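Colleague: Pasting a structure below so you can have a look.
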Amino acid sequence: MRKLQGYHEIYIGCDPEFFFAKKGQVLGAEKILPEEGLIYKPGSDKKRDGDYTSKEATISKIIIDGVQAELNPRPNTCRANLGNEISACFRKLYTQIKENKSLQVEFSQVKEVSKKELDSLSEKARVFGCTPSRNTYSKEENKITVNPATYKYRSAGGHIHLGYRSGGEIKEALLEKRDRVVQMLDIVLGNTCVLIDRDPYAAERRKVYGRAGDYRAPSYGIEYRTLSNFWLKSYQLMGLVTGLARMAVEIVAYSENGCDYEKAILNKVNMKKIVEAINNNDFNSAYENHMKIEGILLEILPTYSDYYPISSETIEEFHHFLNGDLGHWFKEDPFQHWIHLPEGHGTGWESYLKNDVRKDMVAHKLNEDKALAYWAE
């Protein structure tokens with residue numbers, strides 16, 4: 001089967017959420033951020049000013065979204081530039097709050113909010129977002145079944161936005177084949193993220209939103225709403241998630257008679273099991289699902305590429321990565337990680353596998369060999 005070739009034709013955006021807290025207790029974002037949010041303009045950060053070409057947005061923002069804060073970086077066709085923009089936004093936030101030494105920026109995906117704090121917030125801050133999601137399987141709008149005035153938990157999503165740069169196959173896929181693209185996003189992205197995002201609160205979050213197949217249909221393409229904000233723990237995870245999202249779109253967009261990537265993958269999976277693995281955050285089921293398609297992915301993707309996050313050259317490193325939880329791999333405080341992030345190019349997910357994960361894998365193998373030698377004596 002012919003290899004997929006990336007052409008940077010897809011705009012990638014996101015709107016991840018996070019919390020503010022003091023002494024571990026959540027504070028409503030409206031108590032920290034101005035009503036209009038924090039605005040980051042191009043060129044205002046000398047450390048970060050990449051090659052941005054998006055027509056969809058000319059500024060980036062950190063805004064109030066209920067109890068949570070929400071990051072709205074400008075979309076880009078390049079993951080590194082998107083990461084640079086996220087980094088610049090968090091540095092903007094740091095300058096706003098650095099004098100408040102007791103304030104914490106929290107990247108948990110679910111936090112309990114005290115009744116006292118909820119009662120102290122404006123009515124607008126206490127409710128959930130008003131724009132409903134649709135579900136590609138039920139064909140219906142999602143209904144929130146909890147009362148936001150009394151429900152004590154708040155969730156932080158990590159939604160991915162996908163748009164087209166010009167006409168052609170990508171535009172057709174994002175606007176006319178949305179259900180097929182969302183289904184492929186579940187297979188390639190949502191299911192894979194279950195292997196990485198093992199937070200026990202993941203299933204709790206999906207009581208409110210973020211189930212398999214959840215999306216919105218903005219004018220520019222698709223907002224995939226299944227993921228939590230777990231990928232904000234590091235720039236490298238952001239690169240993995242957005243790379244998988246882009247890959248899913250291309251699988252649908254570039255499938256054709258005689259080279260049908262989409263059909264080859266769908267023939268390998270049971271969609272009911274994909275949906276169940278995502279909604280229950282079931283690692284074992286998700287791993288079984290992944291192994292059914294891994295061979296196809298390695299067949300259709302280049303042997304190694306800085307464009308795609310999975311390749312035959314680094315697949316062993318990917319499986320080694322899955323042996324450890326996120327606390328093993330990313331020990332730095334996420335907020336500090338983002339505000340001190342070097343320029344993104346050359347330091348993303350693919351480089352992380354080839355360098356950090358490979359080094360850890362070799363050390364692990366040496367330790368195993370030493371242990372075997374010890375017990376053999």
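Residues in the structure tokens are numbered from 1 in each chain, the chains being A, B, ... in the order shown, and ligands are numbered from 1 in the order shown.
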Contacts of range 24-29 of chain A at 12 Å or less, counting only C-alpha atoms, minus same-chain residues fewer than 6 places along, as a PyMOL selection string?

Modeller: chain A and resi 17-18+35-38+62-71+102-108+110-127+152-155

Colleague: So that I have them on file, write out the residues from the current selection with C-alpha atoms, as a PDB file, in the first residue's frame.

Modeller:
```
ATOM      1  CA  GLU A  17      -8.722  23.942  30.070  1.00  0.00           C
ATOM      2  CA  PHE A  18      -6.995  24.177  33.433  1.00  0.00           C
ATOM      3  CA  GLU A  35     -13.441  39.547  32.108  1.00  0.00           C
ATOM      4  CA  GLU A  36     -12.085  39.919  28.561  1.00  0.00           C
ATOM      5  CA  GLY A  37      -9.353  37.353  29.235  1.00  0.00           C
ATOM      6  CA  LEU A  38      -5.610  37.644  28.687  1.00  0.00           C
ATOM      7  CA  ILE A  62      -6.653  32.718  27.922  1.00  0.00           C
ATOM      8  CA  ILE A  63     -10.297  33.136  28.871  1.00  0.00           C
ATOM      9  CA  ILE A  64     -12.782  32.325  31.617  1.00  0.00           C
ATOM     10  CA  ASP A  65     -14.807  29.187  30.908  1.00  0.00           C
ATOM     11  CA  GLY A  66     -17.001  28.511  33.907  1.00  0.00           C
ATOM     12  CA  VAL A  67     -14.874  27.579  36.903  1.00  0.00           C
ATOM     13  CA  GLN A  68     -11.993  26.711  34.593  1.00  0.00           C
ATOM     14  CA  ALA A  69      -9.633  28.823  32.524  1.00  0.00           C
ATOM     15  CA  GLU A  70      -9.350  28.001  28.829  1.00  0.00           C
ATOM     16  CA  LEU A  71      -6.421  28.471  26.475  1.00  0.00           C
ATOM     17  CA  SER A 102       0.212  31.261  46.803  1.00  0.00           C
ATOM     18  CA  LEU A 103      -1.658  30.831  43.511  1.00  0.00           C
ATOM     19  CA  GLN A 104      -1.261  27.529  41.694  1.00  0.00           C
ATOM     20  CA  VAL A 105      -1.944  26.669  38.065  1.00  0.00           C
ATOM     21  CA  GLU A 106      -3.534  23.198  38.168  1.00  0.00           C
ATOM     22  CA  PHE A 107      -3.556  20.765  35.241  1.00  0.00           C
ATOM     23  CA  SER A 108      -5.732  18.032  36.753  1.00  0.00           C
ATOM     24  CA  VAL A 110     -11.130  16.677  37.190  1.00  0.00           C
ATOM     25  CA  LYS A 111     -11.254  18.760  40.369  1.00  0.00           C
ATOM     26  CA  GLU A 112     -13.743  18.921  43.186  1.00  0.00           C
ATOM     27  CA  VAL A 113     -15.012  22.434  43.862  1.00  0.00           C
ATOM     28  CA  SER A 114     -16.221  23.301  47.346  1.00  0.00           C
ATOM     29  CA  LYS A 115     -19.819  24.399  47.814  1.00  0.00           C
ATOM     30  CA  LYS A 116     -18.516  27.608  49.353  1.00  0.00           C
ATOM     31  CA  GLU A 117     -16.479  28.400  46.241  1.00  0.00           C
ATOM     32  CA  LEU A 118     -19.324  27.517  43.852  1.00  0.00           C
ATOM     33  CA  ASP A 119     -21.739  29.716  45.807  1.00  0.00           C
ATOM     34  CA  SER A 120     -19.284  32.621  45.647  1.00  0.00           C
ATOM     35  CA  LEU A 121     -19.117  32.601  41.839  1.00  0.00           C
ATOM     36  CA  SER A 122     -21.330  34.371  39.351  1.00  0.00           C
ATOM     37  CA  GLU A 123     -24.202  32.446  37.833  1.00  0.00           C
ATOM     38  CA  LYS A 124     -22.395  32.428  34.484  1.00  0.00           C
ATOM     39  CA  ALA A 125     -19.340  30.783  36.046  1.00  0.00           C
ATOM     40  CA  ARG A 126     -21.383  28.062  37.737  1.00  0.00           C
ATOM     41  CA  VAL A 127     -23.013  26.691  34.586  1.00  0.00           C
ATOM     42  CA  LYS A 152     -19.245  19.447  42.764  1.00  0.00           C
ATOM     43  CA  TYR A 153     -16.853  18.285  40.069  1.00  0.00           C
ATOM     44  CA  ARG A 154     -15.498  20.279  37.140  1.00  0.00           C
ATOM     45  CA  SER A 155     -13.644  18.734  34.213  1.00  0.00           C
TER      46      SER A 155
END
```

Colleague: From a DSSP pass on the backbone, collect the residues of range 189-299 of chain A flagged as helix (DSSP H, G or I) and hand them back as an MDAnalysis selection string.

Modeller: chainID A and resid 189:194 202:205 230:233 235:253 261:266 271:279 283:299

Colleague: Any chance you can output those residues with C-alpha atoms as a PDB file, in the first residue's frame?

Modeller:
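Saved result, out-v7.pdb, follows:
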```
ATOM      1  CA  LEU A 189      -6.428   9.197  18.600  1.00  0.00           C
ATOM      2  CA  GLY A 190      -9.094   8.578  21.246  1.00  0.00           C
ATOM      3  CA  ASN A 191      -8.293   4.891  21.730  1.00  0.00           C
ATOM      4  CA  THR A 192      -4.530   5.544  21.785  1.00  0.00           C
ATOM      5  CA  CYS A 193      -4.952   8.236  24.427  1.00  0.00           C
ATOM      6  CA  VAL A 194      -6.630   5.717  26.740  1.00  0.00           C
ATOM      7  CA  ALA A 202     -11.320   9.995  33.173  1.00  0.00           C
ATOM      8  CA  ALA A 203     -14.528   7.944  33.368  1.00  0.00           C
ATOM      9  CA  GLU A 204     -16.011  10.508  35.796  1.00  0.00           C
ATOM     10  CA  ARG A 205     -15.315  13.303  33.297  1.00  0.00           C
ATOM     11  CA  PHE A 230      -3.825  15.367  30.004  1.00  0.00           C
ATOM     12  CA  TRP A 231      -1.619  16.319  27.047  1.00  0.00           C
ATOM     13  CA  LEU A 232      -0.932  19.740  28.602  1.00  0.00           C
ATOM     14  CA  LYS A 233       1.529  17.961  30.882  1.00  0.00           C
ATOM     15  CA  TYR A 235       4.939  19.801  24.779  1.00  0.00           C
ATOM     16  CA  GLN A 236       5.871  16.305  23.621  1.00  0.00           C
ATOM     17  CA  LEU A 237       2.426  14.938  24.498  1.00  0.00           C
ATOM     18  CA  MET A 238       0.857  17.848  22.641  1.00  0.00           C
ATOM     19  CA  GLY A 239       2.892  16.827  19.604  1.00  0.00           C
ATOM     20  CA  LEU A 240       1.724  13.213  19.885  1.00  0.00           C
ATOM     21  CA  VAL A 241      -1.953  14.112  20.202  1.00  0.00           C
ATOM     22  CA  THR A 242      -2.058  16.702  17.427  1.00  0.00           C
ATOM     23  CA  GLY A 243       0.045  14.482  15.164  1.00  0.00           C
ATOM     24  CA  LEU A 244      -2.374  11.574  15.602  1.00  0.00           C
ATOM     25  CA  ALA A 245      -5.314  13.904  14.940  1.00  0.00           C
ATOM     26  CA  ARG A 246      -3.786  15.146  11.703  1.00  0.00           C
ATOM     27  CA  MET A 247      -2.994  11.568  10.700  1.00  0.00           C
ATOM     28  CA  ALA A 248      -6.616  10.471  11.224  1.00  0.00           C
ATOM     29  CA  VAL A 249      -7.886  13.212   8.916  1.00  0.00           C
ATOM     30  CA  GLU A 250      -5.377  12.273   6.225  1.00  0.00           C
ATOM     31  CA  ILE A 251      -6.326   8.583   6.408  1.00  0.00           C
ATOM     32  CA  VAL A 252      -9.897   9.485   5.446  1.00  0.00           C
ATOM     33  CA  ALA A 253      -8.993  12.305   3.046  1.00  0.00           C
ATOM     34  CA  TYR A 261      -6.334   3.338   4.109  1.00  0.00           C
ATOM     35  CA  GLU A 262      -9.678   3.895   5.811  1.00  0.00           C
ATOM     36  CA  LYS A 263     -11.173   0.582   4.716  1.00  0.00           C
ATOM     37  CA  ALA A 264      -8.026  -1.330   5.697  1.00  0.00           C
ATOM     38  CA  ILE A 265      -8.258   0.047   9.251  1.00  0.00           C
ATOM     39  CA  LEU A 266     -12.031  -0.365   9.600  1.00  0.00           C
ATOM     40  CA  MET A 271     -16.172   0.029  16.591  1.00  0.00           C
ATOM     41  CA  LYS A 272     -18.284  -1.039  19.557  1.00  0.00           C
ATOM     42  CA  LYS A 273     -15.101  -2.087  21.362  1.00  0.00           C
ATOM     43  CA  ILE A 274     -13.380   1.185  20.423  1.00  0.00           C
ATOM     44  CA  VAL A 275     -16.280   3.166  21.901  1.00  0.00           C
ATOM     45  CA  GLU A 276     -16.391   1.056  25.072  1.00  0.00           C
ATOM     46  CA  ALA A 277     -12.629   1.339  25.622  1.00  0.00           C
ATOM     47  CA  ILE A 278     -12.782   5.126  25.355  1.00  0.00           C
ATOM     48  CA  ASN A 279     -15.905   5.647  27.450  1.00  0.00           C
ATOM     49  CA  PHE A 283      -6.444   0.269  29.118  1.00  0.00           C
ATOM     50  CA  ASN A 284      -6.545  -3.450  28.336  1.00  0.00           C
ATOM     51  CA  SER A 285      -9.353  -3.116  25.806  1.00  0.00           C
ATOM     52  CA  ALA A 286      -7.706  -0.092  24.221  1.00  0.00           C
ATOM     53  CA  TYR A 287      -4.420  -1.984  23.902  1.00  0.00           C
ATOM     54  CA  GLU A 288      -6.167  -4.886  22.155  1.00  0.00           C
ATOM     55  CA  ASN A 289      -7.803  -2.398  19.795  1.00  0.00           C
ATOM     56  CA  HIS A 290      -4.489  -0.694  19.089  1.00  0.00           C
ATOM     57  CA  MET A 291      -2.643  -3.905  18.313  1.00  0.00           C
ATOM     58  CA  LYS A 292      -5.255  -4.773  15.687  1.00  0.00           C
ATOM     59  CA  ILE A 293      -4.365  -1.659  13.679  1.00  0.00           C
ATOM     60  CA  GLU A 294      -0.711  -1.110  14.517  1.00  0.00           C
ATOM     61  CA  GLY A 295       0.501  -3.260  11.617  1.00  0.00           C
ATOM     62  CA  ILE A 296      -1.651  -1.305   9.156  1.00  0.00           C
ATOM     63  CA  LEU A 297      -0.378   2.021  10.514  1.00  0.00           C
ATOM     64  CA  LEU A 298       3.247   0.927  10.189  1.00  0.00           C
ATOM     65  CA  GLU A 299       2.541  -0.217   6.639  1.00  0.00           C
TER      66      GLU A 299
END
```

Colleague: Hey, which of A:Cys78, A:Cys89, A:Ile160, A:Val208 ends up closest to Tyr40 in chain A? Count only C-alpha atoms.

Modeller: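 For Tyr40 in chain A, the nearest of the candidates is A:Cys89.
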
Colleague: Leaving out Tyr209 in chain A and any residue of its chain fewer than 4 positions from it, which residues lie within 9 Å of it when counting only C-alpha atoms, given as a count of residues only?

Modeller: 10

Colleague: What is the distance, in Å and to one decimal place, between CA of Leu33 in chain A and CA of Gln96 in chain A?

Modeller: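 The value is 8.6 Å.
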
Colleague: Tell me, as a PDB file with C-alpha atoms, in the first residue's frame, which residues lie within 12 Å of range 312-318 of chain A, counting only C-alpha atoms; anything in the same chain fewer than 2 positions away does not count.

Modeller:
```pdb
ATOM      1  CA  THR A 192      -4.530   5.544  21.785  1.00  0.00           C
ATOM      2  CA  LEU A 195      -3.245   3.945  26.790  1.00  0.00           C
ATOM      3  CA  ILE A 196      -1.589   7.125  28.055  1.00  0.00           C
ATOM      4  CA  LEU A 240       1.724  13.213  19.885  1.00  0.00           C
ATOM      5  CA  MET A 291      -2.643  -3.905  18.313  1.00  0.00           C
ATOM      6  CA  GLU A 294      -0.711  -1.110  14.517  1.00  0.00           C
ATOM      7  CA  GLY A 295       0.501  -3.260  11.617  1.00  0.00           C
ATOM      8  CA  ILE A 296      -1.651  -1.305   9.156  1.00  0.00           C
ATOM      9  CA  LEU A 297      -0.378   2.021  10.514  1.00  0.00           C
ATOM     10  CA  LEU A 298       3.247   0.927  10.189  1.00  0.00           C
ATOM     11  CA  GLU A 299       2.541  -0.217   6.639  1.00  0.00           C
ATOM     12  CA  ILE A 300       0.980   3.038   5.483  1.00  0.00           C
ATOM     13  CA  LEU A 301       3.283   5.484   7.340  1.00  0.00           C
ATOM     14  CA  PRO A 302       6.875   6.351   6.374  1.00  0.00           C
ATOM     15  CA  THR A 303       9.603   4.302   8.086  1.00  0.00           C
ATOM     16  CA  TYR A 304      10.545   7.443   9.980  1.00  0.00           C
ATOM     17  CA  SER A 305       9.167  10.937   9.704  1.00  0.00           C
ATOM     18  CA  ASP A 306       9.105  14.061  11.840  1.00  0.00           C
ATOM     19  CA  TYR A 308       3.885  11.406  11.860  1.00  0.00           C
ATOM     20  CA  PRO A 309       4.098  10.368  15.538  1.00  0.00           C
ATOM     21  CA  ILE A 310       4.191   6.608  14.886  1.00  0.00           C
ATOM     22  CA  HIS A 320       8.336   1.118  26.177  1.00  0.00           C
ATOM     23  CA  PHE A 321       6.735   4.519  26.795  1.00  0.00           C
ATOM     24  CA  LEU A 322       3.450   2.743  27.536  1.00  0.00           C
ATOM     25  CA  ASN A 323       5.161   0.720  30.287  1.00  0.00           C
ATOM     26  CA  GLY A 324       5.486   3.839  32.422  1.00  0.00           C
ATOM     27  CA  TRP A 349       7.328  13.798  20.287  1.00  0.00           C
ATOM     28  CA  GLU A 350       9.365  12.019  17.604  1.00  0.00           C
ATOM     29  CA  SER A 351      12.631  13.380  19.010  1.00  0.00           C
ATOM     30  CA  TYR A 352      11.512  12.460  22.517  1.00  0.00           C
ATOM     31  CA  LEU A 353      11.026   8.819  21.477  1.00  0.00           C
ATOM     32  CA  LYS A 354      14.387   8.659  19.701  1.00  0.00           C
ATOM     33  CA  ASN A 355      16.299  10.260  22.574  1.00  0.00           C
ATOM     34  CA  ASP A 356      14.737  10.214  26.052  1.00  0.00           C
ATOM     35  CA  VAL A 357      12.597   7.096  25.703  1.00  0.00           C
ATOM     36  CA  ARG A 358      15.280   5.152  23.827  1.00  0.00           C
ATOM     37  CA  LYS A 359      17.841   6.037  26.526  1.00  0.00           C
ATOM     38  CA  ASP A 360      15.441   4.872  29.247  1.00  0.00           C
ATOM     39  CA  MET A 361      14.757   1.675  27.291  1.00  0.00           C
ATOM     40  CA  VAL A 362      18.475   0.864  27.007  1.00  0.00           C
ATOM     41  CA  HIS A 364      16.060  -0.694  31.572  1.00  0.00           C
TER      42      HIS A 364
END
```

Colleague: Between CA of Ser60 in chain A and CA of Arg91 in chain A, what is the distance in Å, rounded to a tenth?

Modeller: 12.3 Å

Colleague: Going by DSSP on the backbone, which residues of range 22-172 of chain A come out as strand (DSSP E)? List them as number ranges by chain.

Modeller: A: 22, 25-27, 38-40, 60-65, 68-72, 103-106, 110-112, 134-135, 153-155, 160-164
